[in-house]
>>> print(open('query05.pdb').read())   # PDB, C-alpha atoms
ATOM      1  CA  MET A   1     132.034 103.239 115.352
ATOM      2  CA  LYS A   2     128.458 102.171 114.659
ATOM      3  CA  THR A   3     128.225 101.042 111.051
ATOM      4  CA  SER A   4     124.813  99.366 110.923
ATOM      5  CA  THR A   5     122.724 100.058 107.828
ATOM      6  CA  VAL A   6     119.118  99.408 106.862
ATOM      7  CA  SER A   7     117.422  98.828 103.530
ATOM      8  CA  VAL A   8     116.103 102.013 101.965
ATOM      9  CA  HIS A   9     112.780 100.161 101.631
ATOM     10  CA  TYR A  10     112.023 100.786 105.313
ATOM     11  CA  VAL A  11     112.871 104.479 105.050
ATOM     12  CA  ASN A  12     110.491 104.869 102.117
ATOM     13  CA  ALA A  13     107.829 102.754 103.822
ATOM     14  CA  ALA A  14     107.853 104.968 106.920
ATOM     15  CA  LEU A  15     107.622 108.093 104.775
ATOM     16  CA  ALA A  16     104.758 106.585 102.765
ATOM     17  CA  ARG A  17     102.790 105.766 105.935
ATOM     18  CA  ALA A  18     103.294 109.297 107.261
ATOM     19  CA  GLN A  19     102.199 110.777 103.945
ATOM     20  CA  GLN A  20      99.112 108.595 103.975
ATOM     21  CA  ALA A  21      98.363 109.979 107.442
ATOM     22  CA  GLY A  22      98.395 113.530 106.029
ATOM     23  CA  ILE A  23     101.938 114.488 107.033
ATOM     24  CA  GLU A  24     104.009 116.620 104.650
ATOM     25  CA  ILE A  25     107.066 114.406 104.237
ATOM     26  CA  GLN A  26     109.430 116.667 102.277
ATOM     27  CA  PRO A  27     110.817 118.323 105.447
ATOM     28  CA  PHE A  28     111.687 114.871 106.785
ATOM     29  CA  ILE A  29     113.435 113.975 103.534
ATOM     30  CA  ASP A  30     115.356 117.263 103.626
ATOM     31  CA  ARG A  31     116.629 116.506 107.146
ATOM     32  CA  LEU A  32     117.880 113.056 106.173
ATOM     33  CA  ASP A  33     121.624 112.900 105.668
ATOM     34  CA  VAL A  34     120.877 110.836 102.558
ATOM     35  CA  ALA A  35     120.545 112.029  98.979
ATOM     36  CA  PRO A  36     117.071 111.846  97.370
ATOM     37  CA  GLU A  37     118.583 109.768  94.546
ATOM     38  CA  ILE A  38     119.433 107.045  97.047
ATOM     39  CA  LEU A  39     115.818 106.898  98.208
ATOM     40  CA  GLN A  40     114.842 106.068  94.630
ATOM     41  CA  ASP A  41     117.155 103.044  94.409
ATOM     42  CA  PRO A  42     115.373  99.965  95.857
ATOM     43  CA  THR A  43     118.713  98.206  96.406
ATOM     44  CA  ALA A  44     120.288 101.080  98.361
ATOM     45  CA  ARG A  45     121.076 101.152 102.061
ATOM     46  CA  VAL A  46     121.255 104.018 104.549
ATOM     47  CA  PRO A  47     122.900 104.316 107.983
ATOM     48  CA  SER A  48     120.614 102.919 110.675
ATOM     49  CA  GLU A  49     121.091 106.036 112.794
ATOM     50  CA  GLU A  50     119.578 108.142 109.989
ATOM     51  CA  TYR A  51     116.553 105.851 109.831
ATOM     52  CA  VAL A  52     116.135 105.990 113.614
ATOM     53  CA  ARG A  53     116.350 109.786 113.735
ATOM     54  CA  MET A  54     113.783 110.097 110.959
ATOM     55  CA  ALA A  55     111.514 107.552 112.652
ATOM     56  CA  MET A  56     111.577 109.472 115.935
ATOM     57  CA  ARG A  57     110.646 112.684 114.126
ATOM     58  CA  LEU A  58     107.740 110.891 112.458
ATOM     59  CA  VAL A  59     106.593 109.525 115.815
ATOM     60  CA  ARG A  60     106.406 113.069 117.165
ATOM     61  CA  ALA A  61     104.705 114.379 114.025
ATOM     62  CA  THR A  62     102.052 111.656 113.909
ATOM     63  CA  GLY A  63     101.647 111.180 117.672
ATOM     64  CA  ASP A  64     101.943 107.458 116.956
ATOM     65  CA  GLU A  65     104.758 105.059 117.843
ATOM     66  CA  PHE A  66     104.129 103.185 114.600
ATOM     67  CA  PHE A  67     103.659 106.484 112.667
ATOM     68  CA  LYS A  68     100.448 105.083 111.169
ATOM     69  CA  LEU A  69     102.149 101.968 109.842
ATOM     70  CA  GLY A  70      99.532  99.988 107.969
ATOM     71  CA  GLY A  71      96.689 102.182 109.189
ATOM     72  CA  ILE A  72      96.547 100.560 112.625
ATOM     73  CA  THR A  73      94.851 102.236 115.552
ATOM     74  CA  ARG A  74      97.055 105.002 116.934
ATOM     75  CA  THR A  75      99.505 103.932 119.630
ATOM     76  CA  LYS A  76     100.454 107.053 121.547
ATOM     77  CA  PRO A  77     104.139 107.628 122.406
ATOM     78  CA  GLY A  78     104.878 105.768 125.632
ATOM     79  CA  THR A  79     102.702 102.763 124.816
ATOM     80  CA  PHE A  80     105.685 100.476 124.181
ATOM     81  CA  ALA A  81     107.355 101.560 127.420
ATOM     82  CA  LEU A  82     104.177 100.885 129.380
ATOM     83  CA  MET A  83     103.925  97.430 127.803
ATOM     84  CA  CYS A  84     107.523  96.712 128.854
ATOM     85  CA  HIS A  85     106.739  97.668 132.465
ATOM     86  CA  ALA A  86     103.680  95.408 132.384
ATOM     87  CA  VAL A  87     105.763  92.461 131.173
ATOM     88  CA  ILE A  88     108.992  92.804 133.170
ATOM     89  CA  GLY A  89     107.630  90.948 136.210
ATOM     90  CA  SER A  90     106.028  88.074 134.294
ATOM     91  CA  GLY A  91     108.528  85.464 135.478
ATOM     92  CA  SER A  92     108.922  83.365 132.327
ATOM     93  CA  LEU A  93     109.193  84.143 128.632
ATOM     94  CA  GLN A  94     105.883  82.424 127.902
ATOM     95  CA  ARG A  95     104.004  84.553 130.429
ATOM     96  CA  GLY A  96     105.834  87.629 129.165
ATOM     97  CA  ILE A  97     104.834  86.953 125.569
ATOM     98  CA  LEU A  98     101.215  86.305 126.476
ATOM     99  CA  ARG A  99     101.044  89.409 128.663
ATOM    100  CA  SER A 100     102.544  91.621 125.949
ATOM    101  CA  PHE A 101     100.012  90.323 123.429
ATOM    102  CA  GLN A 102      97.165  90.798 125.877
ATOM    103  CA  PHE A 103      98.353  94.371 126.373
ATOM    104  CA  TYR A 104      98.510  95.248 122.676
ATOM    105  CA  ASN A 105      95.364  93.377 121.752
ATOM    106  CA  LEU A 106      93.484  95.678 124.161
ATOM    107  CA  PHE A 107      94.584  98.740 122.168
ATOM    108  CA  LEU A 108      94.834  97.613 118.555
ATOM    109  CA  ASP A 109      91.834  96.787 116.397
ATOM    110  CA  ASP A 110      93.445  96.238 112.989
ATOM    111  CA  VAL A 111      96.305  93.928 113.976
ATOM    112  CA  SER A 112      96.680  91.146 116.534
ATOM    113  CA  PHE A 113      99.447  88.899 117.819
ATOM    114  CA  LYS A 114      99.368  85.195 118.655
ATOM    115  CA  LEU A 115     101.586  82.631 120.348
ATOM    116  CA  GLN A 116     101.091  79.129 118.955
ATOM    117  CA  ARG A 117     102.755  75.722 119.317
ATOM    118  CA  ARG A 118     103.441  73.405 116.418
ATOM    119  CA  ASN A 119     105.379  70.165 116.900
ATOM    120  CA  GLU A 120     108.581  71.169 118.751
ATOM    121  CA  ASP A 121     108.350  74.817 117.729
ATOM    122  CA  ALA A 122     106.606  77.841 119.148
ATOM    123  CA  MET A 123     105.631  80.630 116.803
ATOM    124  CA  VAL A 124     104.850  84.317 117.257
ATOM    125  CA  SER A 125     102.611  85.592 114.472
ATOM    126  CA  VAL A 126     101.159  88.899 113.297
ATOM    127  CA  HIS A 127      97.644  89.032 111.821
ATOM    128  CA  PHE A 128      95.788  91.855 110.053
ATOM    129  CA  LYS A 129      91.999  91.969 109.784
ATOM    130  CA  ASP A 130      92.588  93.485 106.352
ATOM    131  CA  PRO A 131      95.948  92.361 104.907
ATOM    132  CA  GLY A 132      95.707  95.214 102.417
ATOM    133  CA  LEU A 133      96.459  97.657 105.232
ATOM    134  CA  ASP A 134     100.035  96.373 105.238
ATOM    135  CA  TRP A 135     100.442  96.623 101.489
ATOM    136  CA  ASP A 136     104.247  96.388 101.491
ATOM    137  CA  HIS A 137     104.734  94.261 104.606
ATOM    138  CA  SER A 138     106.430  97.043 106.570
ATOM    139  CA  THR A 139     104.210  96.867 109.641
ATOM    140  CA  THR A 140     104.577  93.103 109.835
ATOM    141  CA  ASP A 141     108.348  93.320 109.474
ATOM    142  CA  SER A 142     108.594  96.046 112.122
ATOM    143  CA  CYS A 143     106.459  94.113 114.603
ATOM    144  CA  LEU A 144     108.346  90.855 114.147
ATOM    145  CA  VAL A 145     111.730  92.556 114.550
ATOM    146  CA  LEU A 146     110.634  94.574 117.584
ATOM    147  CA  LEU A 147     109.118  91.565 119.335
ATOM    148  CA  HIS A 148     112.101  89.335 118.624
ATOM    149  CA  ARG A 149     114.544  91.931 119.968
ATOM    150  CA  PHE A 150     112.434  92.576 123.063
ATOM    151  CA  PHE A 151     111.871  88.909 123.923
ATOM    152  CA  SER A 152     115.589  88.203 123.448
ATOM    153  CA  TRP A 153     116.428  91.028 125.831
ATOM    154  CA  LEU A 154     113.968  89.742 128.430
ATOM    155  CA  ILE A 155     115.746  86.366 128.713
ATOM    156  CA  GLY A 156     119.246  87.812 128.426
ATOM    157  CA  GLN A 157     120.176  85.917 125.263
ATOM    158  CA  ARG A 158     119.331  85.834 121.608
ATOM    159  CA  LEU A 159     116.082  83.963 120.998
ATOM    160  CA  GLU A 160     117.465  81.637 118.337
ATOM    161  CA  LEU A 161     114.997  81.224 115.501
ATOM    162  CA  THR A 162     114.387  78.065 113.501
ATOM    163  CA  GLN A 163     112.723  79.931 110.637
ATOM    164  CA  VAL A 164     110.671  82.974 109.656
ATOM    165  CA  THR A 165     107.579  82.540 107.482
ATOM    166  CA  LEU A 166     106.258  85.411 105.381
ATOM    167  CA  SER A 167     103.304  85.839 103.053
ATOM    168  CA  GLY A 168     103.829  87.123  99.549
ATOM    169  CA  GLU A 169     106.536  86.830  96.935
ATOM    170  CA  PRO A 170     110.228  87.447  97.756
ATOM    171  CA  PRO A 171     110.870  91.209  97.387
ATOM    172  CA  VAL A 172     113.927  92.831  95.844
ATOM    173  CA  TYR A 173     115.267  93.440  99.353
ATOM    174  CA  ARG A 174     114.822  89.793 100.377
ATOM    175  CA  GLU A 175     118.364  89.539 101.788
ATOM    176  CA  GLU A 176     117.329  92.053 104.448
ATOM    177  CA  TYR A 177     115.256  89.383 106.170
ATOM    178  CA  GLN A 178     118.269  87.129 106.582
ATOM    179  CA  ARG A 179     120.209  90.064 107.997
ATOM    180  CA  LEU A 180     117.411  90.874 110.430
ATOM    181  CA  PHE A 181     116.619  87.377 111.663
ATOM    182  CA  ARG A 182     119.680  85.226 110.865
ATOM    183  CA  THR A 183     117.663  82.141 110.038
ATOM    184  CA  ARG A 184     115.906  80.409 107.155
ATOM    185  CA  ILE A 185     113.312  82.638 105.469
ATOM    186  CA  LEU A 186     110.283  81.099 103.730
ATOM    187  CA  PHE A 187     108.025  83.169 101.446
ATOM    188  CA  ASN A 188     104.496  82.517 100.133
ATOM    189  CA  GLN A 189     103.464  81.121 103.511
ATOM    190  CA  SER A 190     100.087  81.236 105.236
ATOM    191  CA  GLN A 191     101.313  83.121 108.317
ATOM    192  CA  ASN A 192     103.745  85.932 109.076
ATOM    193  CA  ALA A 193     105.671  84.593 112.048
ATOM    194  CA  PHE A 194     109.007  83.783 113.617
ATOM    195  CA  HIS A 195     109.531  80.258 114.914
ATOM    196  CA  PHE A 196     111.724  79.027 117.786
ATOM    197  CA  LYS A 197     112.111  75.957 119.979
ATOM    198  CA  GLN A 198     109.427  75.621 122.664
ATOM    199  CA  LYS A 199     112.104  75.133 125.318
ATOM    200  CA  TYR A 200     112.714  78.898 125.294
ATOM    201  CA  LEU A 201     109.212  79.493 126.645
ATOM    202  CA  ASP A 202     110.344  78.205 130.044
ATOM    203  CA  ASN A 203     113.331  80.569 130.204
ATOM    204  CA  PRO A 204     113.105  82.965 133.128
ATOM    205  CA  ILE A 205     112.968  86.702 132.592
ATOM    206  CA  VAL A 206     116.337  87.868 133.876
ATOM    207  CA  GLN A 207     115.845  91.619 133.462
ATOM    208  CA  ASN A 208     114.603  94.036 136.124
ATOM    209  CA  GLU A 209     113.254  97.570 136.382
ATOM    210  CA  ALA A 210     116.738  99.115 136.505
ATOM    211  CA  GLY A 211     117.748  97.278 133.348
ATOM    212  CA  LEU A 212     114.481  98.239 131.697
ATOM    213  CA  LYS A 213     115.225 101.904 132.291
ATOM    214  CA  ARG A 214     118.530 101.534 130.441
ATOM    215  CA  PHE A 215     116.884  99.484 127.692
ATOM    216  CA  LEU A 216     114.222 102.116 127.069
ATOM    217  CA  GLY A 217     116.862 104.851 127.186
ATOM    218  CA  GLU A 218     118.620 103.217 124.241
ATOM    219  CA  ALA A 219     115.410 102.587 122.268
ATOM    220  CA  PRO A 220     114.622 102.574 119.434
ATOM    221  CA  TYR A 221     118.205 102.243 118.141
ATOM    222  CA  ASN A 222     118.730  98.999 120.062
ATOM    223  CA  LEU A 223     115.595  97.602 118.394
ATOM    224  CA  VAL A 224     116.798  98.423 114.877
ATOM    225  CA  ILE A 225     120.480  97.508 114.776
ATOM    226  CA  ILE A 226     121.628  93.926 114.457
ATOM    227  CA  PRO A 227     123.134  93.095 117.861
ATOM    228  CA  ASP A 228     126.590  91.534 117.927
ATOM    229  CA  ASN A 229     126.427  90.472 121.570
ATOM    230  CA  ASP A 230     124.307  87.412 120.808
ATOM    231  CA  ASP A 231     125.394  83.790 120.558
ATOM    232  CA  SER A 232     124.788  83.347 116.833
ATOM    233  CA  LEU A 233     127.585  82.128 114.602
ATOM    234  CA  THR A 234     127.293  85.338 112.605
ATOM    235  CA  ALA A 235     128.076  87.410 115.692
ATOM    236  CA  LYS A 236     130.965  85.143 116.671
ATOM    237  CA  ILE A 237     132.480  85.379 113.201
ATOM    238  CA  ARG A 238     132.114  89.159 113.179
ATOM    239  CA  ALA A 239     133.982  89.227 116.485
ATOM    240  CA  ILE A 240     136.769  87.074 115.034
ATOM    241  CA  ILE A 241     137.102  89.376 112.013
ATOM    242  CA  GLY A 242     137.086  92.544 114.123
ATOM    243  CA  SER A 243     136.819  96.072 112.719
ATOM    244  CA  ASP A 244     140.247  96.546 111.114
ATOM    245  CA  PHE A 245     139.736  95.465 107.519
ATOM    246  CA  ARG A 246     143.172  96.609 106.325
ATOM    247  CA  HIS A 247     144.551  93.207 107.192
ATOM    248  CA  GLU A 248     143.650  90.110 105.233
ATOM    249  CA  PHE A 249     140.490  88.385 106.416
ATOM    250  CA  PRO A 250     141.049  85.014 108.098
ATOM    251  CA  ASP A 251     140.310  82.137 105.759
ATOM    252  CA  PHE A 252     137.304  79.947 106.350
ATOM    253  CA  GLU A 253     139.371  77.063 107.708
ATOM    254  CA  THR A 254     140.929  79.333 110.329
ATOM    255  CA  VAL A 255     137.520  80.643 111.362
ATOM    256  CA  SER A 256     136.237  77.070 111.620
ATOM    257  CA  ARG A 257     139.120  76.061 113.904
ATOM    258  CA  ASN A 258     138.546  79.116 116.112
ATOM    259  CA  LEU A 259     134.941  77.998 116.530
ATOM    260  CA  ASN A 260     135.937  74.357 117.170
ATOM    261  CA  SER A 261     134.105  73.290 114.057
ATOM    262  CA  THR A 262     134.820  71.789 110.670
ATOM    263  CA  PRO A 263     134.350  73.880 107.515
ATOM    264  CA  GLN A 264     131.526  71.597 106.375
ATOM    265  CA  THR A 265     129.662  71.873 109.682
ATOM    266  CA  LEU A 266     130.175  75.633 109.946
ATOM    267  CA  ARG A 267     129.000  76.144 106.372
ATOM    268  CA  ARG A 268     125.841  74.139 107.099
ATOM    269  CA  HIS A 269     125.101  76.062 110.305
ATOM    270  CA  LEU A 270     125.633  79.409 108.594
ATOM    271  CA  LYS A 271     123.187  78.344 105.915
ATOM    272  CA  GLN A 272     120.666  77.664 108.677
ATOM    273  CA  GLU A 273     121.209  81.244 109.862
ATOM    274  CA  GLY A 274     120.518  82.403 106.314
ATOM    275  CA  THR A 275     124.010  83.601 105.516
ATOM    276  CA  SER A 276     127.511  82.601 104.460
ATOM    277  CA  TYR A 277     131.062  83.619 105.319
ATOM    278  CA  GLN A 278     131.300  85.692 102.140
ATOM    279  CA  GLU A 279     128.023  87.479 102.942
ATOM    280  CA  ILE A 280     129.251  88.299 106.457
ATOM    281  CA  LYS A 281     132.484  89.786 105.083
ATOM    282  CA  ASP A 282     130.639  91.746 102.392
ATOM    283  CA  THR A 283     128.092  93.107 104.863
ATOM    284  CA  MET A 284     130.775  94.270 107.286
ATOM    285  CA  ARG A 285     132.752  95.993 104.544
ATOM    286  CA  ARG A 286     129.654  97.522 102.966
ATOM    287  CA  ASP A 287     128.341  99.012 106.198
ATOM    288  CA  ALA A 288     131.772 100.337 107.187
ATOM    289  CA  ALA A 289     132.274 101.862 103.733
ATOM    290  CA  ILE A 290     128.892 103.627 103.930
ATOM    291  CA  TYR A 291     129.855 104.917 107.372
ATOM    292  CA  TYR A 292     133.145 106.401 106.122
ATOM    293  CA  LEU A 293     131.559 107.892 103.006
ATOM    294  CA  ASN A 294     128.944 109.623 105.175
ATOM    295  CA  ARG A 295     130.977 110.499 108.239
ATOM    296  CA  SER A 296     134.614 111.129 107.285
ATOM    297  CA  GLN A 297     136.784 113.297 105.088
ATOM    298  CA  ALA A 298     138.845 110.330 103.908
ATOM    299  CA  THR A 299     139.309 110.088 100.162
ATOM    300  CA  ILE A 300     137.706 107.192  98.322
ATOM    301  CA  ASN A 301     141.138 105.673  97.730
ATOM    302  CA  GLU A 302     141.832 105.897 101.468
ATOM    303  CA  ILE A 303     138.485 104.254 102.244
ATOM    304  CA  ALA A 304     139.290 101.501  99.743
ATOM    305  CA  GLU A 305     142.502 100.854 101.669
ATOM    306  CA  LEU A 306     140.661 100.882 104.995
ATOM    307  CA  MET A 307     138.274  98.275 103.575
ATOM    308  CA  GLY A 308     141.201  96.032 102.659
ATOM    309  CA  PHE A 309     141.166  96.567  98.881
ATOM    310  CA  SER A 310     144.604  96.821  97.294
ATOM    311  CA  GLU A 311     143.148  98.420  94.163
ATOM    312  CA  PRO A 312     140.566 101.266  94.286
ATOM    313  CA  SER A 313     138.940  99.895  91.127
ATOM    314  CA  THR A 314     138.165  96.643  92.933
ATOM    315  CA  PHE A 315     136.548  98.619  95.743
ATOM    316  CA  HIS A 316     134.483 100.581  93.204
ATOM    317  CA  ARG A 317     133.156  97.384  91.641
ATOM    318  CA  ALA A 318     132.401  95.804  95.019
ATOM    319  CA  PHE A 319     130.614  98.894  96.360
ATOM    320  CA  LYS A 320     128.468  99.168  93.243
ATOM    321  CA  LYS A 321     127.541  95.504  93.605
ATOM    322  CA  TRP A 322     126.559  96.101  97.254
ATOM    323  CA  THR A 323     124.625  99.358  96.816
ATOM    324  CA  GLY A 324     123.928  99.917  93.123
ATOM    325  CA  LEU A 325     126.103 103.077  93.149
ATOM    326  CA  THR A 326     129.805 103.755  92.870
ATOM    327  CA  PRO A 327     131.476 105.249  95.986
ATOM    328  CA  GLY A 328     131.966 108.543  94.156
ATOM    329  CA  VAL A 329     128.328 108.869  93.138
ATOM    330  CA  TYR A 330     127.164 107.838  96.605
ATOM    331  CA  ARG A 331     129.350 110.483  98.294
ATOM    332  CA  GLN A 332     128.539 113.146  95.699
ATOM    333  CA  ASN A 333     124.807 112.630  96.191
ATOM    334  CA  ASN A 334     125.178 112.981  99.940
ATOM    335  CA  ASP A 335     127.391 116.054  99.645
ATOM    336  CA  LEU A 336     124.840 117.697  97.340
ATOM    337  CA  ASP A 337     122.059 116.848  99.761
ATOM    338  CA  ARG A 338     123.924 118.347 102.721
ATOM    339  CA  ASN A 339     124.539 121.585 100.802
ATOM    340  CA  ILE A 340     120.868 122.134  99.931
TER     341      ILE A 340
END
>>> encode(input="query05.pdb", output="structure tokens")
Amino acid sequence: MKTSTVSVHYVNAALARAQQAGIEIQPFIDRLDVAPEILQDPTARVPSEEYVRMAMRLVRATGDEFFKLGGITRTKPGTFALMCHAVIGSGSLQRGILRSFQFYNLFLDDVSFKLQRRNEDAMVSVHFKDPGLDWDHSTTDSCLVLLHRFFSWLIGQRLELTQVTLSGEPPVYREEYQRLFRTRILFNQSQNAFHFKQKYLDNPIVQNEAGLKRFLGEAPYNLVIIPDNDDSLTAKIRAIIGSDFRHEFPDFETVSRNLNSTPQTLRRHLKQEGTSYQEIKDTMRRDAAIYYLNRSQATINEIAELMGFSEPSTFHRAFKKWTGLTPGVYRQNNDLDRNI
């Protein structure tokens, strides 16, 4: 069961870019298994698989892998795959990063990528000639996520970040950044970048052409979802919790012992990843609830029980806090949309 969700902001941003490029977007909205009312709620979330399917349709419609995100020069379908083949034999992460940026900087005029060193950190940054092209930060976000996922895959482990710096004020969907990067997020900064320890630059590239074929076969879904097979504390805690929420969640002290840590230390490290134990539990329940409301015939009371709520009313309140809608309204909207 894949229960990953994505902020509705990125769905609307992709549609807005396609519309700006002259694409009629209503057919793409109609094919989404998401009610139009949900698209109008800035706090809403949609299943990641729906976002990916829509994105792939927009790629085909625009003939652009970034479906005109931010007005950048068109990148024809297959460009990302060709970049991956150019990088796979680079030897080290540093050479791989530099080669990937050299590749893209040959094709793109409006946006460029840089690798810089600052004190003990390295930083990968995205720069626009005209920042107004990325008016809602969607291109920057997409590039940073894609590059982080790809570089992590190259070295066979999660590239642990020390922080992410972003220009502009914190948006209403600010928690999405913590979900995406699992680190400290700083706003109103001079550069849009993710930061990591320089020691990673010497890591060898452990992937090969055979692995690349599988990687590309799973793209772009594997570049959108939050991977659980990394070594972050968030992933380890999710593994401890499991996927059966009918049983009581382990308390924080138990989780700490399982991770050979103290509650104080674990709480501090989770804060460094930009999350907390309560946020992890809420995110897992929220995404699973959205999955069941979209993909099953279970009643709302049954879903409440599956999510570990003894009282349906408690589930209703929690779901509305997570999504801005009650479970009934969320399901009704989707049922109406599917019957159009």
>>> closest_residue(input="query05.pdb", among="A:Met56, A:Thr62, A:Arg214, A:Thr262", to="Gln20 of chain A", atoms="all atoms listed in the file")
A:Thr62
>>> resolve_selection(input="query05.pdb", expression="the PyMOL selection byres ((chain A and resi 130-135) around 12)", output="PyMOL selection string")
chain A and resi 13-14+16-17+20+68-73+109-112+126-129+136-143+167-168+190-192
>>> residues_around(input="query05.pdb", residues="Ile300 of chain A", least_positions_apart="6", cutoff="8 Å", atoms="all atoms listed in the file", output="list of chain:residue names")
A:Leu293, A:Pro312, A:Pro327, A:Gly328
>>> closest_residue(input="query05.pdb", among="A:Ile23, A:Leu259, A:Leu39, A:Ala18", to="Gly324 of chain A", atoms="all atoms listed in the file")
A:Leu39
>>> atom_distance(input="query05.pdb", atom1="atom CA of Leu146 of chain A", atom2="atom CA of Pro220 of chain A")
9.1 Å
>>> resolve_selection(input="query05.pdb", expression="the PyMOL selection byres ((chain A and resi 285-287) around 7)", output="number ranges by chain")
A: 3-5, 281-284, 288-291, 307, 319, 322
>>> resolve_selection(input="query05.pdb", expression="the PyMOL selection byres ((chain A and resi 156) around 12)", output="compact mmCIF listing (two decimals) with C-alpha atoms, in the frame of the given file")
# COMPACT_ATOMS: atom_id res chain seq x y z
CA SER A 92 108.92 83.36 132.33
CA LEU A 93 109.19 84.14 128.63
CA ARG A 149 114.54 91.93 119.97
CA PHE A 150 112.43 92.58 123.06
CA PHE A 151 111.87 88.91 123.92
CA SER A 152 115.59 88.20 123.45
CA TRP A 153 116.43 91.03 125.83
CA LEU A 154 113.97 89.74 128.43
CA ILE A 155 115.75 86.37 128.71
CA GLN A 157 120.18 85.92 125.26
CA ARG A 158 119.33 85.83 121.61
CA LEU A 159 116.08 83.96 121.00
CA GLU A 160 117.46 81.64 118.34
CA TYR A 200 112.71 78.90 125.29
CA ASN A 203 113.33 80.57 130.20
CA PRO A 204 113.10 82.96 133.13
CA ILE A 205 112.97 86.70 132.59
CA VAL A 206 116.34 87.87 133.88
CA GLN A 207 115.84 91.62 133.46
CA ASN A 208 114.60 94.04 136.12
CA GLY A 211 117.75 97.28 133.35
CA LEU A 212 114.48 98.24 131.70
CA PHE A 215 116.88 99.48 127.69
CA ASN A 229 126.43 90.47 121.57
CA ASP A 230 124.31 87.41 120.81
CA ASP A 231 125.39 83.79 120.56
>>> closest_residue(input="query05.pdb", among="A:Thr314, A:Thr43, A:Gln102, A:Gln198", to="Glu120 of chain A", atoms="all atoms listed in the file")
A:Gln198
>>> atom_distance(input="query05.pdb", atom1="atom CA of Leu147 of chain A", atom2="atom CA of Ser100 of chain A")
9.3 Å
